[in-house]
Each structure stands twice: as structure tokens, then as C-alpha cells.
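Enquirer: Hey, dropping data.tsv in here, TSV, C-alpha atoms:
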```tsv
chain	number	residue	atom	x	y	z
T	188	MET	CA	18.36	-26.10	-2.24
T	189	LEU	CA	17.35	-28.71	0.32
T	190	GLU	CA	16.62	-27.24	3.74
T	191	LEU	CA	14.80	-28.93	6.60
T	192	SER	CA	13.02	-27.58	9.65
T	193	PHE	CA	11.68	-29.47	12.65
T	194	LYS	CA	8.61	-28.73	14.74
T	195	ILE	CA	9.10	-29.56	18.42
T	196	GLU	CA	6.01	-28.68	20.43
T	197	LYS	CA	5.62	-24.95	19.79
T	198	ARG	CA	9.17	-24.37	18.61
T	199	THR	CA	10.56	-24.67	15.10
T	200	LEU	CA	14.25	-25.50	14.75
T	201	ASN	CA	16.29	-25.28	11.60
T	202	GLU	CA	18.31	-28.36	10.73
T	203	THR	CA	21.60	-27.01	12.07
T	204	ALA	CA	20.09	-26.35	15.51
T	205	PHE	CA	18.13	-29.61	15.50
T	206	PHE	CA	21.06	-31.90	14.73
T	207	ARG	CA	23.34	-29.98	17.06
T	208	ARG	CA	20.83	-30.62	19.84
T	209	LEU	CA	20.80	-34.35	19.04
T	210	THR	CA	24.57	-34.43	19.31
T	211	GLN	CA	24.77	-32.43	22.53
T	212	ASP	CA	22.14	-34.56	24.25
T	213	ARG	CA	23.80	-37.79	23.05
T	214	ILE	CA	20.47	-39.16	21.88
T	215	PRO	CA	21.03	-42.75	20.59
T	216	ILE	CA	19.73	-42.07	17.13
T	217	ALA	CA	22.63	-43.30	14.98
T	218	PRO	CA	20.60	-46.04	13.18
T	219	VAL	CA	17.96	-43.48	12.19
T	220	LEU	CA	20.60	-41.05	10.95
T	221	ARG	CA	22.25	-43.82	8.94
T	222	ARG	CA	18.93	-44.61	7.26
T	223	LEU	CA	18.36	-40.92	6.55
T	224	MET	CA	21.80	-40.42	4.99
T	225	THR	CA	21.61	-43.69	3.04
T	226	ALA	CA	18.22	-42.74	1.59
T	227	TYR	CA	19.54	-39.31	0.63
T	228	LEU	CA	22.68	-40.71	-1.01
T	229	ASN	CA	20.70	-43.36	-2.91
T	230	ALA	CA	18.34	-40.70	-4.28
T	231	HIS	CA	21.04	-38.12	-4.87
T	232	SER	CA	22.02	-38.88	-8.47
T	233	ALA	CA	18.44	-39.02	-9.72
T	234	ALA	CA	17.57	-35.78	-7.92
T	235	VAL	CA	20.58	-33.95	-9.36
T	236	GLU	CA	19.76	-35.17	-12.86
T	237	ALA	CA	16.08	-34.27	-12.54
T	238	LYS	CA	16.90	-30.73	-11.42
T	239	GLY	CA	19.58	-30.30	-14.07
T	240	ILE	CA	22.20	-29.13	-11.59
T	241	PHE	CA	25.88	-29.98	-11.42
T	242	ARG	CA	26.85	-32.81	-9.11
T	243	GLN	CA	25.29	-31.95	-5.75
T	244	LEU	CA	22.36	-30.55	-3.83
T	245	TRP	CA	23.06	-27.65	-1.51
T	246	GLY	CA	21.79	-26.88	1.95
T	247	PRO	CA	21.74	-23.61	3.89
T	248	GLU	CA	24.75	-21.46	4.75
T	249	GLY	CA	26.98	-22.75	1.95
T	250	GLN	CA	26.82	-26.33	3.20
T	251	GLY	CA	26.04	-29.42	1.22
T	252	ALA	CA	22.56	-30.82	1.70
T	253	LEU	CA	22.12	-32.60	5.05
T	254	ALA	CA	25.60	-31.57	6.20
T	255	PRO	CA	24.37	-31.12	9.81
T	256	ALA	CA	22.95	-34.66	9.76
T	257	MET	CA	26.23	-36.03	8.41
T	258	GLN	CA	28.17	-34.24	11.11
T	259	ALA	CA	25.80	-35.46	13.82
T	260	LEU	CA	26.11	-39.07	12.65
T	261	LEU	CA	29.92	-38.94	12.76
T	262	SER	CA	29.80	-37.45	16.24
T	263	ILE	CA	27.39	-40.05	17.61
T	264	ASP	CA	28.84	-43.02	15.71
T	265	PRO	CA	32.51	-42.42	14.73
T	266	ASP	CA	32.56	-45.67	12.74
T	267	SER	CA	30.13	-44.21	10.20
T	268	HIS	CA	32.94	-43.12	7.90
T	269	ASP	CA	31.52	-45.54	5.32
T	270	ILE	CA	28.60	-43.14	4.93
T	271	PHE	CA	30.97	-40.18	4.91
T	272	ARG	CA	32.89	-41.75	2.03
T	273	SER	CA	29.77	-41.74	-0.13
T	274	TYR	CA	28.80	-38.25	1.02
T	275	LEU	CA	32.22	-36.86	0.05
T	276	ALA	CA	32.15	-38.60	-3.33
T	277	LYS	CA	28.77	-37.15	-4.32
T	278	ARG	CA	29.56	-33.51	-3.58
T	279	ASN	CA	30.98	-30.82	-5.82
T	280	GLY	CA	34.44	-30.80	-4.32
T	281	GLU	CA	35.50	-27.64	-6.08
T	282	TYR	CA	33.00	-25.57	-4.09
T	283	ASP	CA	31.84	-27.63	-1.12
T	284	VAL	CA	34.66	-27.05	1.34
T	285	TYR	CA	32.47	-27.27	4.44
T	286	SER	CA	32.62	-31.07	4.36
T	287	THR	CA	36.42	-31.16	4.22
T	288	ASP	CA	37.33	-28.06	6.23
T	289	VAL	CA	34.72	-28.20	8.98
T	290	ILE	CA	33.05	-31.62	9.24
T	291	MET	CA	36.29	-33.55	8.75
T	292	LYS	CA	38.25	-31.30	11.09
T	293	ARG	CA	35.71	-31.68	13.90
T	294	TYR	CA	35.44	-35.41	13.25
T	295	ILE	CA	39.17	-36.04	13.68
T	296	GLN	CA	39.47	-33.62	16.60
T	297	LYS	CA	36.81	-35.57	18.49
T	298	SER	CA	37.42	-39.16	17.39
T	299	GLY	CA	41.05	-39.27	16.27
T	300	TRP	CA	42.53	-41.98	14.08
T	301	ARG	CA	41.01	-44.64	16.28
T	302	ASN	CA	41.71	-47.84	14.34
T	303	ILE	CA	42.90	-49.40	11.07
T	304	ALA	CA	39.57	-48.75	9.36
T	305	MET	CA	39.89	-45.05	10.16
T	306	ILE	CA	43.38	-44.99	8.69
T	307	GLY	CA	41.99	-46.54	5.51
T	308	PHE	CA	39.33	-43.84	5.42
T	309	GLY	CA	42.05	-41.22	5.85
T	310	ILE	CA	43.79	-42.47	2.70
T	311	TYR	CA	40.47	-42.24	0.86
T	312	PHE	CA	40.03	-38.68	2.15
T	313	ALA	CA	43.43	-37.70	0.74
T	314	LEU	CA	42.42	-39.10	-2.66
T	315	ILE	CA	39.14	-37.17	-2.52
T	316	ARG	CA	41.13	-34.00	-1.87
T	317	HIS	CA	43.12	-34.70	-5.03
T	318	LYS	CA	39.90	-35.24	-6.98
T	319	ASP	CA	38.61	-31.94	-5.58
T	320	GLY	CA	41.51	-30.26	-7.34
T	321	LEU	CA	43.65	-29.58	-4.27
T	322	ARG	CA	47.32	-29.67	-5.18
T	323	ALA	CA	49.26	-28.17	-2.29
T	324	ILE	CA	48.45	-28.14	1.40
T	325	ARG	CA	50.46	-27.96	4.59
T	326	GLY	CA	51.59	-31.45	5.51
T	327	GLY	CA	50.57	-32.82	2.12
T	328	LEU	CA	47.30	-34.53	1.28
T	329	LEU	CA	47.98	-37.52	3.53
T	330	ASN	CA	48.82	-35.52	6.62
T	331	GLU	CA	46.30	-32.68	6.48
T	332	TYR	CA	44.75	-33.91	9.72
T	333	GLY	CA	47.66	-35.94	11.07
T	334	LEU	CA	46.98	-39.25	9.32
T	335	LEU	CA	50.60	-39.96	8.45
T	336	SER	CA	51.74	-39.43	12.02
T	337	ALA	CA	49.01	-41.76	13.27
T	338	ALA	CA	49.80	-44.41	10.67
T	339	GLU	CA	53.45	-44.46	11.70
T	340	LYS	CA	52.40	-45.34	15.25
T	341	THR	CA	49.88	-47.95	14.16
T	342	VAL	CA	50.99	-49.92	11.09
T	343	SER	CA	54.24	-50.96	9.46
T	344	GLU	CA	55.51	-49.30	6.31
T	345	ALA	CA	54.65	-52.37	4.23
T	346	THR	CA	51.11	-52.52	5.63
T	347	PHE	CA	50.50	-48.82	5.04
T	348	ALA	CA	51.78	-49.13	1.47
T	349	ALA	CA	49.43	-52.08	0.88
T	350	MET	CA	46.52	-50.06	2.29
T	351	ILE	CA	47.33	-47.16	-0.04
T	352	SER	CA	47.41	-49.46	-3.07
T	353	GLN	CA	44.12	-51.07	-2.06
T	354	GLU	CA	42.41	-47.71	-1.57
T	355	ILE	CA	43.70	-46.39	-4.90
T	356	ASP	CA	42.53	-49.51	-6.76
T	357	GLN	CA	39.07	-49.15	-5.23
T	358	PHE	CA	39.02	-45.40	-5.83
T	359	MET	CA	39.54	-45.94	-9.56
T	360	VAL	CA	36.36	-48.05	-9.56
T	361	ASP	CA	34.27	-45.91	-7.21
T	362	PRO	CA	34.05	-42.94	-7.29
T	363	GLY	CA	36.63	-42.79	-10.10
T	364	LEU	CA	38.42	-39.76	-11.49
T	365	ASP	CA	36.89	-37.08	-13.70
T	366	TYR	CA	40.24	-36.93	-15.46
T	367	GLY	CA	43.74	-38.27	-14.91
T	368	THR	CA	45.14	-41.71	-14.27
T	369	LYS	CA	45.78	-44.15	-11.47
T	370	GLU	CA	49.42	-43.06	-11.41
T	371	ASP	CA	48.26	-39.48	-10.76
T	372	LEU	CA	46.77	-40.65	-7.46
T	373	TYR	CA	50.11	-42.08	-6.36
T	374	VAL	CA	51.91	-38.92	-7.41
T	375	SER	CA	49.38	-36.77	-5.51
T	376	ILE	CA	50.30	-38.33	-2.16
T	377	GLN	CA	54.01	-38.53	-2.90
T	378	PRO	CA	54.94	-35.16	-1.29
T	379	SER	CA	53.27	-36.23	1.96
T	380	LEU	CA	55.49	-39.28	2.19
T	381	GLU	CA	58.79	-37.68	1.30
T	382	LEU	CA	59.34	-35.69	4.49
T	383	THR	CA	59.81	-38.53	6.99
T	384	LYS	CA	61.84	-41.73	7.11
T	385	TYR	CA	58.64	-43.70	7.59
T	386	GLY	CA	57.05	-42.09	4.57
T	387	ARG	CA	60.08	-42.62	2.38
T	388	ARG	CA	60.12	-46.31	3.28
T	389	VAL	CA	56.42	-46.47	2.35
T	390	LEU	CA	57.33	-44.91	-1.00
T	391	GLY	CA	59.92	-47.60	-1.48
T	392	PHE	CA	57.32	-50.33	-1.04
T	393	LEU	CA	54.92	-48.53	-3.39
T	394	SER	CA	57.58	-48.01	-6.04
T	395	PHE	CA	58.53	-51.68	-5.97
T	396	GLY	CA	55.01	-53.09	-5.75
T	397	GLU	CA	53.42	-50.82	-8.35
T	398	LYS	CA	56.47	-50.60	-10.63
T	399	LEU	CA	56.43	-46.80	-10.33
T	400	ASN	CA	59.30	-44.38	-9.98
T	401	LEU	CA	58.10	-42.56	-6.87
T	402	LYS	CA	61.41	-42.01	-5.11
T	403	ARG	CA	62.95	-38.60	-5.78
T	404	GLY	CA	66.05	-37.05	-4.37
T	405	PRO	CA	65.79	-33.74	-2.49
T	406	GLU	CA	67.53	-31.95	-5.36
T	407	LYS	CA	64.45	-32.48	-7.54
T	408	HIS	CA	62.46	-30.46	-5.01
T	409	GLY	CA	65.01	-27.67	-4.96
T	410	TRP	CA	65.76	-28.58	-1.33
T	411	ASN	CA	69.10	-28.51	0.39
T	412	PRO	CA	70.08	-32.19	0.78
T	413	GLY	CA	70.68	-31.55	4.49
T	414	PHE	CA	67.10	-30.36	4.97
T	415	LEU	CA	65.58	-33.82	5.38
T	416	GLN	CA	68.34	-34.83	7.77
T	417	ALA	CA	67.58	-31.78	9.91
T	418	VAL	CA	63.85	-32.61	9.87
T	419	ASP	CA	64.53	-36.19	10.95
T	420	ALA	CA	66.92	-35.08	13.69
T	421	GLN	CA	64.44	-32.53	15.06
T	422	ARG	CA	61.67	-35.11	15.00
T	423	ALA	CA	63.84	-37.64	16.83
T	424	ARG	CA	64.66	-35.10	19.55
T	425	ALA	CA	60.96	-34.29	19.99
T	426	GLU	CA	60.08	-37.98	20.33
T	427	LYS	CA	62.90	-38.53	22.82
T	428	ALA	CA	61.77	-35.58	24.93
T	429	ALA	CA	58.23	-36.94	24.94
T	430	ARG	CA	59.30	-40.15	26.70
T	431	PRO	CA	58.43	-40.30	30.42
T	432	TRP	CA	61.45	-39.70	32.65
T	433	TRP	CA	61.07	-43.06	34.38
T	434	THR	CA	61.73	-44.95	31.14
T	435	TYR	CA	65.30	-43.70	31.36
T	436	VAL	CA	65.68	-44.71	35.02
T	437	PHE	CA	63.89	-48.05	35.14
T	438	ARG	CA	64.95	-49.78	31.97
T	439	LYS	CA	63.89	-53.34	31.34
T	440	ASN	CA	66.55	-56.00	31.50
T	441	ARG	CA	67.20	-57.55	28.14
```
What is this file in C-alpha cells?
Expert:
Amino acid sequence: MLELSFKIEKRTLNETAFFRRLTQDRIPIAPVLRRLMTAYLNAHSAAVEAKGIFRQLWGPEGQGALAPAMQALLSIDPDSHDIFRSYLAKRNGEYDVYSTDVIMKRYIQKSGWRNIAMIGFGIYFALIRHKDGLRAIRGGLLNEYGLLSAAEKTVSEATFAAMISQEIDQFMVDPGLDYGTKEDLYVSIQPSLELTKYGRRVLGFLSFGEKLNLKRGPEKHGWNPGFLQAVDAQRARAEKAARPWWTYVFRKNR
């Protein structure tokens, strides 16, 4: 186990308290944290092999090693998801749920899906969840933290499909799959895309571009064919209600 402590004057702080303090005080230490995490990730494989342990080093309280530092870096510099990609890939995803259930949740709650690069990272995160062995989750792997909803507001169906294909191609190279095929990655995100019109159009682009049969009728799910229509209608009503009242009064001349 890797556990750090920090001596500050006469006080000794454990790593959770220390990195929480850095975050709360907004100390501009992101470059230092990036160097720390990069050094750890570069040394990770050799350390795991030398100790004869499976896949990852652990920290205190059931967290992966340096989890508080990773969380602090994401809080101070939300664009550090490149480091988070490597951190997620080097963990034992079957047992390390702190990174996905706590760090990721807090990250998105605070930063949101702020730009195209974040949306790309969100696709990668869904693929990591598949590699972890997760098969079923509310909202599907792509929408666990609202990625699909954000993508619909940000990029076209064709662009999102192209981003998915690019992320899957790269994922097969690094970090790769322990078992399974490239097609399995497409199938893993299929349920996420089937519940909205936007998602189903994305599936259409993926099916055509990748020569895969990803479009399934509702009967193959055991769903009532009217179910998806009801979902779409409810969603449309919610979006209409969310429009400011003045958009109905002062409409632009066309």
C-alpha cells in the first residue's frame, strides 16, 4: 500500500486531508500535481511487477494510490482529464470503484461537460466501464453521468458518431482489452444510444460507417413498441416546458 503523510509545521496531515486543503484553498499547484501524477503513472507498471501484485497499487481507505491527488488535480485543473485517462487505465477496475463512483461523480458535478474534449473523455470513460466488467447501469454506460444529454446539446449526431469511432480505435491500442473484440465496445454502448432519437441517429451513422448491425427494433429488447414513442414525447414536453415564457411571446421574424 502507498500512503503519504505531510508535515506542516507541528502538524502531520494524511494525504486525504492535505490534498483536500489544497483544493479548498485554491492553491495554484496544478503543474506540481501533474508532475506528481505523471511520475507515479510512469513508474506504476514497474512497481506493480516488482511487488508481484495484480494491476494496481492501493492507497488508504479502499482508494487507489494517490486518489486524493488525482481528485485535487481535477478540481484545480478540470482539463487534466488526460491524466485521469491514464489513471483509470492502470487501476484494477473490478475492485477500484472509488475512481469511478466518487472521483468521477465529483468531477462532473463541479466541472460539467465543459467542451468537446470533455465529451471525448466521457466516451473513453464509458469504454473503461465496459473494461471494468460493468454490463448494466442506469442510463447506460454513455449516460451514467449525463454525457449523452450533453453531447446532444453540443455536437451533431454525425460528429458524435465519429468521436465514438475515434475513441474506440484508440482504446483498442491503449489501454486495450483484456478480452473481447472491437465490436464488443460498440455493442457495450448500444443500449445507451437506443433510448433517444439523437442516440438512434448516432447508431445509424455508426452502423453505416463501421459496417455493423447496431440498430435493433424494440421487440428485441422485449419492449412495447410504443415505449420509445412515449419516452420521446415525454422528453419533448419537458424540453418545451423548459423554454423561457418570453420565447413564446417575442418570436423572431423569419
Enquirer: Name the residues in contact with Leu228 in chain T at a cut-off of 9 Å, using only C-alpha atoms, excluding same-chain residues fewer than 4 positions from it; report them as a PyMOL selection string.
Expert: chain T and resi 223-224+232+270+273-274+277
Enquirer: Would you kindly return, as JSON, numbers by chain, each protein, DNA or RNA residue with an atom no farther than 7 Å from any atom of range 304-316 of chain T, considering only C-alpha atoms and excluding same-chain residues fewer than 2 positions away?
Expert: {"T": [268, 300, 301, 302, 318, 319, 320, 321, 328, 329, 334, 338, 350, 351, 354, 372]}
Enquirer: Any chance you can output those residues with C-alpha atoms as a compact mmCIF listing (two decimals), in the coordinates of the input?
Expert:
```txt
# COMPACT_ATOMS: atom_id res chain seq x y z
CA HIS T 268 32.94 -43.12 7.90
CA TRP T 300 42.53 -41.98 14.08
CA ARG T 301 41.01 -44.64 16.28
CA ASN T 302 41.71 -47.84 14.34
CA LYS T 318 39.90 -35.24 -6.98
CA ASP T 319 38.61 -31.94 -5.58
CA GLY T 320 41.51 -30.26 -7.34
CA LEU T 321 43.65 -29.58 -4.27
CA LEU T 328 47.30 -34.53 1.28
CA LEU T 329 47.98 -37.52 3.53
CA LEU T 334 46.98 -39.25 9.32
CA ALA T 338 49.80 -44.41 10.67
CA MET T 350 46.52 -50.06 2.29
CA ILE T 351 47.33 -47.16 -0.04
CA GLU T 354 42.41 -47.71 -1.57
CA LEU T 372 46.77 -40.65 -7.46
```
Enquirer: Go through T:Val219, T:Ala337, T:Ala349, T:Ile240 and flag the residue nearest Gly391 in chain T, using all atoms listed in the file for the distances.
Expert: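 Under the stated criterion, the closest residue is T:Ala349.
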Enquirer: Please provide as a PyMOL selection string all residues within 10 Å of Thr203 in chain T, with the sequence filter that same-chain residues fewer than 6 positions apart are discarded (counting all atoms listed in the file).
Expert: chain T and resi 190-192+247-248+253-256+258-259
Enquirer: Keeping C-alpha atoms for every residue in the selection just given, could you write it to a file as a PDB file, in the coordinates of the input?
Expert:
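Below is the file again-v4.pdb, written as the result:
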```
ATOM      1  CA  GLU T 190      16.620 -27.240   3.740  1.00  0.00           C
ATOM      2  CA  LEU T 191      14.800 -28.930   6.600  1.00  0.00           C
ATOM      3  CA  SER T 192      13.020 -27.580   9.650  1.00  0.00           C
ATOM      4  CA  PRO T 247      21.740 -23.610   3.890  1.00  0.00           C
ATOM      5  CA  GLU T 248      24.750 -21.460   4.750  1.00  0.00           C
ATOM      6  CA  LEU T 253      22.120 -32.600   5.050  1.00  0.00           C
ATOM      7  CA  ALA T 254      25.600 -31.570   6.200  1.00  0.00           C
ATOM      8  CA  PRO T 255      24.370 -31.120   9.810  1.00  0.00           C
ATOM      9  CA  ALA T 256      22.950 -34.660   9.760  1.00  0.00           C
ATOM     10  CA  GLN T 258      28.170 -34.240  11.110  1.00  0.00           C
ATOM     11  CA  ALA T 259      25.800 -35.460  13.820  1.00  0.00           C
TER      12      ALA T 259
END
```
Enquirer: How many Å separate CA of Trp245 in chain T from CA of Met188 in chain T?
Expert: 5.0 Å
